[in-house]
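Undergrad: Provided herewith: query.txt, compact mmCIF, C-alpha atoms.
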```
# COMPACT_ATOMS: atom_id res chain seq x y z
CA ASP E 1 -8.54 5.25 -18.62
CA VAL E 2 -8.47 8.88 -17.49
CA VAL E 3 -5.21 10.04 -15.93
CA MET E 4 -5.26 12.84 -13.35
CA THR E 5 -2.09 14.91 -13.03
CA GLN E 6 -1.50 17.28 -10.14
CA SER E 7 1.08 19.99 -9.64
CA PRO E 8 3.09 20.87 -7.76
CA LEU E 9 4.11 17.73 -5.92
CA SER E 10 5.04 19.76 -2.85
CA LEU E 11 3.85 23.22 -1.85
CA PRO E 12 5.60 25.06 1.00
CA VAL E 13 3.45 27.99 2.09
CA THR E 14 3.77 30.79 4.62
CA LEU E 15 0.95 30.98 7.16
CA GLY E 16 -1.69 33.45 6.04
CA GLN E 17 -0.59 33.33 2.41
CA PRO E 18 -2.60 31.82 -0.46
CA ALA E 19 -1.93 28.42 -2.00
CA SER E 20 -3.10 26.96 -5.27
CA ILE E 21 -3.03 23.39 -6.56
CA SER E 22 -3.53 22.42 -10.17
CA CYS E 23 -5.17 19.26 -11.51
CA THR E 24 -5.33 18.27 -15.17
CA SER E 25 -7.28 15.35 -16.61
CA SER E 26 -6.34 13.45 -19.77
CA GLN E 27 -9.97 13.69 -20.98
CA SER E 28 -12.73 16.20 -20.49
CA LEU E 29 -14.60 15.61 -17.23
CA VAL E 30 -17.89 16.94 -18.56
CA HIS E 31 -20.39 14.11 -18.20
CA ARG E 32 -23.13 13.54 -20.76
CA ASP E 33 -25.58 14.75 -18.07
CA GLY E 34 -23.86 18.15 -18.19
CA ASN E 35 -22.19 17.90 -14.78
CA THR E 36 -18.46 17.85 -14.18
CA TYR E 37 -17.57 15.31 -11.51
CA LEU E 38 -14.32 16.63 -10.13
CA SER E 39 -13.79 16.48 -6.38
CA TRP E 40 -11.00 17.52 -4.02
CA PHE E 41 -9.93 15.62 -0.90
CA GLN E 42 -7.71 16.59 2.01
CA GLN E 43 -5.72 13.98 3.91
CA ARG E 44 -4.17 15.16 7.14
CA PRO E 45 -1.28 13.14 8.59
CA GLY E 46 -2.52 9.85 10.01
CA GLN E 47 -6.11 10.37 8.87
CA SER E 48 -8.40 9.10 6.13
CA PRO E 49 -9.09 11.41 3.21
CA ARG E 50 -11.91 13.89 3.71
CA ARG E 51 -13.82 15.52 0.88
CA LEU E 52 -13.63 19.31 0.63
CA ILE E 53 -15.14 20.07 -2.77
CA TYR E 54 -17.47 18.20 -5.15
CA ARG E 55 -18.58 18.98 -8.69
CA VAL E 56 -15.67 21.41 -9.19
CA SER E 57 -16.70 24.19 -6.83
CA ASN E 58 -19.23 23.00 -4.23
CA ARG E 59 -17.87 23.05 -0.68
CA ASP E 60 -18.88 20.28 1.69
CA SER E 61 -20.62 21.13 4.93
CA GLY E 62 -18.17 22.30 7.57
CA VAL E 63 -15.40 23.13 5.09
CA PRO E 64 -14.01 26.63 5.74
CA ASP E 65 -14.75 29.18 3.03
CA ARG E 66 -11.02 29.80 2.53
CA PHE E 67 -11.14 26.66 0.35
CA SER E 68 -12.45 27.12 -3.17
CA GLY E 69 -12.47 25.06 -6.34
CA SER E 70 -12.62 26.18 -9.93
CA GLY E 71 -12.04 25.01 -13.47
CA SER E 72 -13.70 23.30 -16.38
CA GLY E 73 -13.15 20.64 -19.01
CA THR E 74 -9.71 19.27 -18.24
CA ASP E 75 -8.16 21.96 -16.02
CA PHE E 76 -9.05 22.49 -12.40
CA SER E 77 -7.61 24.13 -9.32
CA LEU E 78 -8.03 24.20 -5.57
CA THR E 79 -7.19 27.45 -3.81
CA ILE E 80 -6.68 28.11 -0.14
CA SER E 81 -7.06 31.86 0.31
CA ARG E 82 -5.08 32.10 3.56
CA VAL E 83 -3.29 28.96 4.71
CA GLU E 84 -3.67 27.97 8.35
CA ALA E 85 -1.63 25.42 10.30
CA GLU E 86 -4.49 22.88 10.21
CA ASP E 87 -4.36 22.86 6.40
CA VAL E 88 -1.11 20.85 6.39
CA GLY E 89 -1.60 17.59 4.57
CA VAL E 90 -1.90 16.03 1.13
CA TYR E 91 -4.56 17.15 -1.31
CA TYR E 92 -5.98 14.95 -4.06
CA CYS E 93 -8.23 15.62 -7.01
CA PHE E 94 -10.60 12.88 -8.12
CA GLN E 95 -12.60 12.29 -11.29
CA GLY E 96 -16.01 10.64 -11.04
CA THR E 97 -17.13 11.23 -14.61
CA HIS E 98 -15.66 8.28 -16.46
CA TRP E 99 -16.88 5.04 -14.91
CA PRO E 100 -15.88 2.44 -13.96
CA ALA E 101 -12.19 3.40 -13.68
CA LEU E 102 -12.50 6.43 -11.41
CA ALA E 103 -9.17 8.00 -10.60
CA PHE E 104 -7.24 10.16 -8.17
CA GLY E 105 -4.47 12.59 -8.88
CA GLY E 106 -1.07 11.83 -7.44
CA GLY E 107 -1.42 14.28 -4.57
CA THR E 108 0.08 17.62 -3.52
CA LYS E 109 1.72 17.94 -0.12
CA VAL E 110 1.04 21.28 1.55
CA GLU E 111 3.48 22.21 4.28
CA ILE E 112 4.29 25.33 6.24
CA LYS E 113 7.55 27.14 5.44
CA GLN N 1 -23.53 9.63 13.00
CA VAL N 2 -21.93 7.85 10.07
CA GLN N 3 -19.35 5.19 10.87
CA LEU N 4 -17.39 2.83 8.64
CA VAL N 5 -15.38 0.59 10.94
CA GLN N 6 -12.79 -1.56 9.25
CA SER N 7 -11.01 -4.70 10.39
CA GLY N 8 -8.95 -7.56 9.04
CA GLY N 9 -5.62 -6.03 8.08
CA ALA N 10 -2.54 -8.06 8.91
CA LEU N 11 0.98 -9.10 7.98
CA VAL N 12 0.82 -12.06 5.59
CA LYS N 13 3.23 -13.92 3.33
CA PRO N 14 3.12 -13.80 -0.48
CA GLY N 15 0.52 -16.18 -1.85
CA GLU N 16 -1.61 -16.11 1.30
CA SER N 17 -5.18 -14.84 1.67
CA LEU N 18 -6.87 -12.23 3.82
CA ARG N 19 -10.43 -10.97 4.28
CA LEU N 20 -11.13 -7.34 5.07
CA SER N 21 -14.41 -6.22 6.63
CA CYS N 22 -16.16 -2.88 6.90
CA ALA N 23 -19.11 -2.44 9.26
CA ILE N 24 -21.36 0.47 8.36
CA SER N 25 -23.80 2.50 10.40
CA GLY N 26 -25.46 5.88 10.11
CA PHE N 27 -26.73 5.63 6.54
CA THR N 28 -28.84 3.24 4.50
CA PHE N 29 -26.22 0.66 3.54
CA SER N 30 -28.60 -1.39 1.40
CA GLY N 31 -29.26 1.67 -0.75
CA SER N 32 -25.62 2.55 -1.34
CA PHE N 33 -22.91 1.61 -3.80
CA MET N 34 -19.75 0.75 -1.88
CA SER N 35 -16.12 0.60 -2.83
CA TRP N 36 -12.60 -0.34 -1.78
CA ILE N 37 -9.71 2.07 -2.31
CA ARG N 38 -6.09 1.43 -1.42
CA GLN N 39 -3.18 3.74 -0.75
CA THR N 40 0.49 3.03 -1.23
CA PRO N 41 3.44 5.40 -0.95
CA GLY N 42 4.37 4.60 -4.53
CA LYS N 43 1.03 4.65 -6.38
CA GLY N 44 -1.01 6.95 -4.15
CA LEU N 45 -4.77 6.38 -3.96
CA GLU N 46 -6.09 3.62 -6.20
CA TRP N 47 -9.79 2.85 -6.77
CA ILE N 48 -9.77 -0.96 -6.89
CA SER N 49 -13.35 -2.24 -6.68
CA TYR N 50 -16.98 -1.30 -6.29
CA ILE N 51 -20.26 -3.12 -5.76
CA SER N 52 -23.79 -1.96 -6.42
CA GLU N 53 -26.57 -1.83 -3.82
CA SER N 54 -27.80 -5.37 -4.50
CA GLY N 55 -24.43 -6.76 -5.54
CA ASP N 56 -25.45 -7.32 -9.16
CA LYS N 57 -22.86 -4.87 -10.51
CA ILE N 58 -19.24 -5.39 -9.56
CA TRP N 59 -16.02 -3.97 -10.99
CA TYR N 60 -12.33 -4.56 -10.34
CA ALA N 61 -9.19 -2.74 -11.34
CA ASP N 62 -6.89 -4.83 -13.53
CA SER N 63 -4.34 -4.86 -10.70
CA VAL N 64 -6.61 -7.04 -8.52
CA LYS N 65 -8.95 -8.74 -11.02
CA GLY N 66 -9.05 -12.50 -10.59
CA ARG N 67 -7.50 -12.36 -7.10
CA PHE N 68 -9.80 -10.09 -5.05
CA THR N 69 -13.54 -10.51 -4.49
CA ILE N 70 -15.82 -7.78 -3.19
CA SER N 71 -19.06 -8.75 -1.47
CA ARG N 72 -21.65 -7.35 0.89
CA ASP N 73 -24.22 -8.51 3.41
CA ASN N 74 -27.05 -5.99 3.52
CA GLY N 75 -28.59 -7.80 6.49
CA LYS N 76 -25.41 -7.18 8.49
CA ASN N 77 -24.63 -3.74 7.02
CA SER N 78 -21.20 -5.04 6.08
CA LEU N 79 -18.82 -4.88 3.14
CA TYR N 80 -16.03 -7.36 2.51
CA LEU N 81 -12.92 -7.78 0.41
CA GLN N 82 -11.54 -11.29 0.00
CA MET N 83 -7.93 -11.04 -1.08
CA ASN N 84 -6.26 -14.16 -2.47
CA SER N 85 -2.82 -14.83 -3.94
CA LEU N 86 -1.46 -11.73 -2.24
CA ARG N 87 1.69 -10.12 -3.62
CA ALA N 88 4.21 -7.68 -2.19
CA GLU N 89 2.72 -4.95 -4.37
CA ASP N 90 -0.64 -5.37 -2.59
CA THR N 91 0.95 -3.90 0.53
CA ALA N 92 -1.16 -0.84 1.25
CA MET N 93 -3.64 0.86 3.51
CA TYR N 94 -7.09 -0.28 2.41
CA TYR N 95 -10.14 1.94 2.80
CA CYS N 96 -13.80 1.13 2.41
CA ALA N 97 -15.71 4.13 1.09
CA ARG N 98 -19.10 5.16 -0.18
CA PRO N 99 -19.25 6.51 -3.72
CA ARG N 100 -22.24 8.81 -4.12
CA PHE N 101 -23.21 11.08 -7.00
CA SER N 102 -19.89 10.27 -8.68
CA SER N 103 -17.80 11.35 -5.72
CA ILE N 104 -16.89 9.76 -2.38
CA ASP N 105 -18.56 11.09 0.73
CA TYR N 106 -17.63 8.67 3.50
CA TRP N 107 -14.41 6.78 4.25
CA GLY N 108 -13.44 4.12 6.75
CA GLN N 109 -10.47 4.59 9.03
CA GLY N 110 -8.31 2.29 6.92
CA THR N 111 -6.72 -1.08 7.63
CA LEU N 112 -3.11 -1.94 6.85
CA VAL N 113 -2.22 -4.97 4.78
CA THR N 114 1.45 -5.92 4.61
CA VAL N 115 2.59 -8.71 2.32
CA SER N 116 6.12 -9.83 3.10
CA SER N 117 8.04 -13.03 3.53
```
Render the structure in this file as structure tokens.
TA:
Amino acid sequence: DVVMTQSPLSLPVTLGQPASISCTSSQSLVHRDGNTYLSWFQQRPGQSPRRLIYRVSNRDSGVPDRFSGSGSGTDFSLTISRVEAEDVGVYYCFQGTHWPALAFGGGTKVEIK
Amino acid sequence: QVQLVQSGGALVKPGESLRLSCAISGFTFSGSFMSWIRQTPGKGLEWISYISESGDKIWYADSVKGRFTISRDNGKNSLYLQMNSLRAEDTAMYYCARPRFSSIDYWGQGTLVTVSS
């Protein structure tokens, strides 16, 4: 099964400063159809996860443009260009390429310094 | 407006059973794969089961295989998870969710299952 590894575990950030989260997969996430099925989810305290990014770099409707995703193969990142207070929460990467055992990363907790 | 409304979570003893439900509205349930995902402080988010639109394709993670059964009623727009022989390590928040185009676009609000004597 594919293992998703995120770093750092915890990310204290100053308001208005950038933040970046890394996600590495144990196998390439390039599907035989040519797409790379790597998504990012945000989970605010007390809420269900909410998708921010799908297929590496596509933002969901309503997601602020300060969130961006990048990467290829086995290495991916989520960047918040200028962190706001509402961005506090835990962020997860997710691989949807290798069925049936889809997998999440362990999560990165973003908090304000 | 899409809604996935979950119910059924409870405090149960080891070895007991529980049935979780997820009532869906706002999208074509009968045309959607559905899944169950659980979240524990120790293991994070774990994809544990999915079921195809008609129910002919079902998968379970090894951690729940043989004890949990996923099912659906397309006439009632509802998804279920029958959980038998529950263990302490099954203690988690359980989410129903819709996998779509190899991602997950909708989540339920979660229901807490606690297994403790």
Undergrad: Please report the interatomic distance between CA of Trp107 in chain N and CA of Trp47 in chain N in Å with one decimal.
TA: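 For CA of Trp107 in chain N relative to CA of Trp47 in chain N, the distance reads 12.6 Å.
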Undergrad: With distances taken over only C-alpha atoms, which residue among N:Val115, N:Glu53, N:Tyr80, N:Ile48 lies nearest chain E?
TA: N:Ile48
Undergrad: What residues in chain N have any atom no more than 6 Å from chain E when counting only C-alpha atoms, and can you write them as a PyMOL selection string?
TA: chain N and resi 44+102-103+109
Undergrad: Looking at N:Ser71, N:Leu112, N:Ser78, N:Asp90, which one is nearest to Phe29 in chain N, with distances taken over only C-alpha atoms?
TA: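 Result for the nearest residue to Phe29 in chain N: N:Ser78.
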Undergrad: Measure the distance from CA of Arg98 in chain N to CA of Val88 in chain E in Å and round it to one decimal.
TA: 24.8 Å
Undergrad: Residues within 7 Å of Pro18 in chain E, please, as a VMD selection string. Count all atoms listed in the file; anything in the same chain fewer than 2 positions from it doesn't count.
TA: chain E and resid 16 20 80 to 83
Undergrad: So that I can see what lies close to Asn84 in chain N, please list as a list of chain:residue names the residues with an atom at most 10 Å from it, counting only C-alpha atoms and leaving out residues fewer than 4 positions away in the same chain.
TA: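 Listing them by chain and then by number gives N:Pro14, N:Gly15, N:Glu16, N:Ser17, N:Leu18, N:Arg19, N:Val64, N:Gly66, N:Arg67, N:Phe68, N:Thr69.
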Undergrad: Would you fill the gaps in range 69-85 of chain E so it has N, CA, C and O atoms, then print it as a tab-separated table (two decimals), in the frame of the given file?
TA:
```
chain	number	residue	atom	x	y	z
E	69	GLY	N	-12.84	25.83	-5.16
E	69	GLY	CA	-12.47	25.06	-6.34
E	69	GLY	C	-12.97	25.74	-7.59
E	69	GLY	O	-14.02	26.40	-7.58
E	70	SER	N	-12.22	25.58	-8.67
E	70	SER	CA	-12.62	26.18	-9.93
E	70	SER	C	-12.10	25.33	-11.08
E	70	SER	O	-11.32	24.39	-10.88
E	71	GLY	N	-12.53	25.71	-12.29
E	71	GLY	CA	-12.04	25.01	-13.47
E	71	GLY	C	-13.15	24.47	-14.33
E	71	GLY	O	-14.33	24.57	-14.00
E	72	SER	N	-12.75	23.89	-15.46
E	72	SER	CA	-13.70	23.30	-16.38
E	72	SER	C	-12.97	22.40	-17.36
E	72	SER	O	-11.74	22.53	-17.52
E	73	GLY	N	-13.73	21.50	-17.97
E	73	GLY	CA	-13.15	20.64	-19.01
E	73	GLY	C	-12.08	19.70	-18.48
E	73	GLY	O	-12.37	18.65	-17.93
E	74	THR	N	-10.83	20.11	-18.67
E	74	THR	CA	-9.71	19.27	-18.24
E	74	THR	C	-8.80	19.96	-17.22
E	74	THR	O	-7.85	19.34	-16.73
E	75	ASP	N	-9.05	21.20	-16.91
E	75	ASP	CA	-8.16	21.96	-16.02
E	75	ASP	C	-8.89	22.50	-14.81
E	75	ASP	O	-9.87	23.26	-14.96
E	76	PHE	N	-8.37	22.15	-13.65
E	76	PHE	CA	-9.05	22.49	-12.40
E	76	PHE	C	-8.02	22.96	-11.38
E	76	PHE	O	-6.83	22.68	-11.49
E	77	SER	N	-8.51	23.69	-10.38
E	77	SER	CA	-7.61	24.13	-9.32
E	77	SER	C	-8.35	24.21	-7.98
E	77	SER	O	-9.56	24.42	-7.94
E	78	LEU	N	-7.57	24.01	-6.94
E	78	LEU	CA	-8.03	24.20	-5.57
E	78	LEU	C	-7.20	25.34	-4.99
E	78	LEU	O	-5.98	25.32	-5.08
E	79	THR	N	-7.87	26.30	-4.40
E	79	THR	CA	-7.19	27.45	-3.81
E	79	THR	C	-7.53	27.56	-2.34
E	79	THR	O	-8.70	27.41	-1.94
E	80	ILE	N	-6.50	27.78	-1.56
E	80	ILE	CA	-6.68	28.11	-0.14
E	80	ILE	C	-6.33	29.59	-0.02
E	80	ILE	O	-5.19	29.98	-0.31
E	81	SER	N	-7.28	30.40	0.37
E	81	SER	CA	-7.06	31.86	0.31
E	81	SER	C	-6.02	32.34	1.33
E	81	SER	O	-5.21	33.22	1.03
E	82	ARG	N	-6.05	31.76	2.52
E	82	ARG	CA	-5.08	32.10	3.56
E	82	ARG	C	-4.79	30.82	4.33
E	82	ARG	O	-5.63	30.35	5.11
E	83	VAL	N	-3.61	30.26	4.12
E	83	VAL	CA	-3.29	28.96	4.71
E	83	VAL	C	-3.16	29.05	6.23
E	83	VAL	O	-2.53	29.97	6.76
E	84	GLU	N	-3.79	28.09	6.90
E	84	GLU	CA	-3.67	27.97	8.35
E	84	GLU	C	-2.91	26.68	8.68
E	84	GLU	O	-2.81	25.78	7.83
E	85	ALA	N	-2.44	26.58	9.90
E	85	ALA	CA	-1.63	25.42	10.30
E	85	ALA	C	-2.38	24.10	10.12
E	85	ALA	O	-1.81	23.08	9.76
```
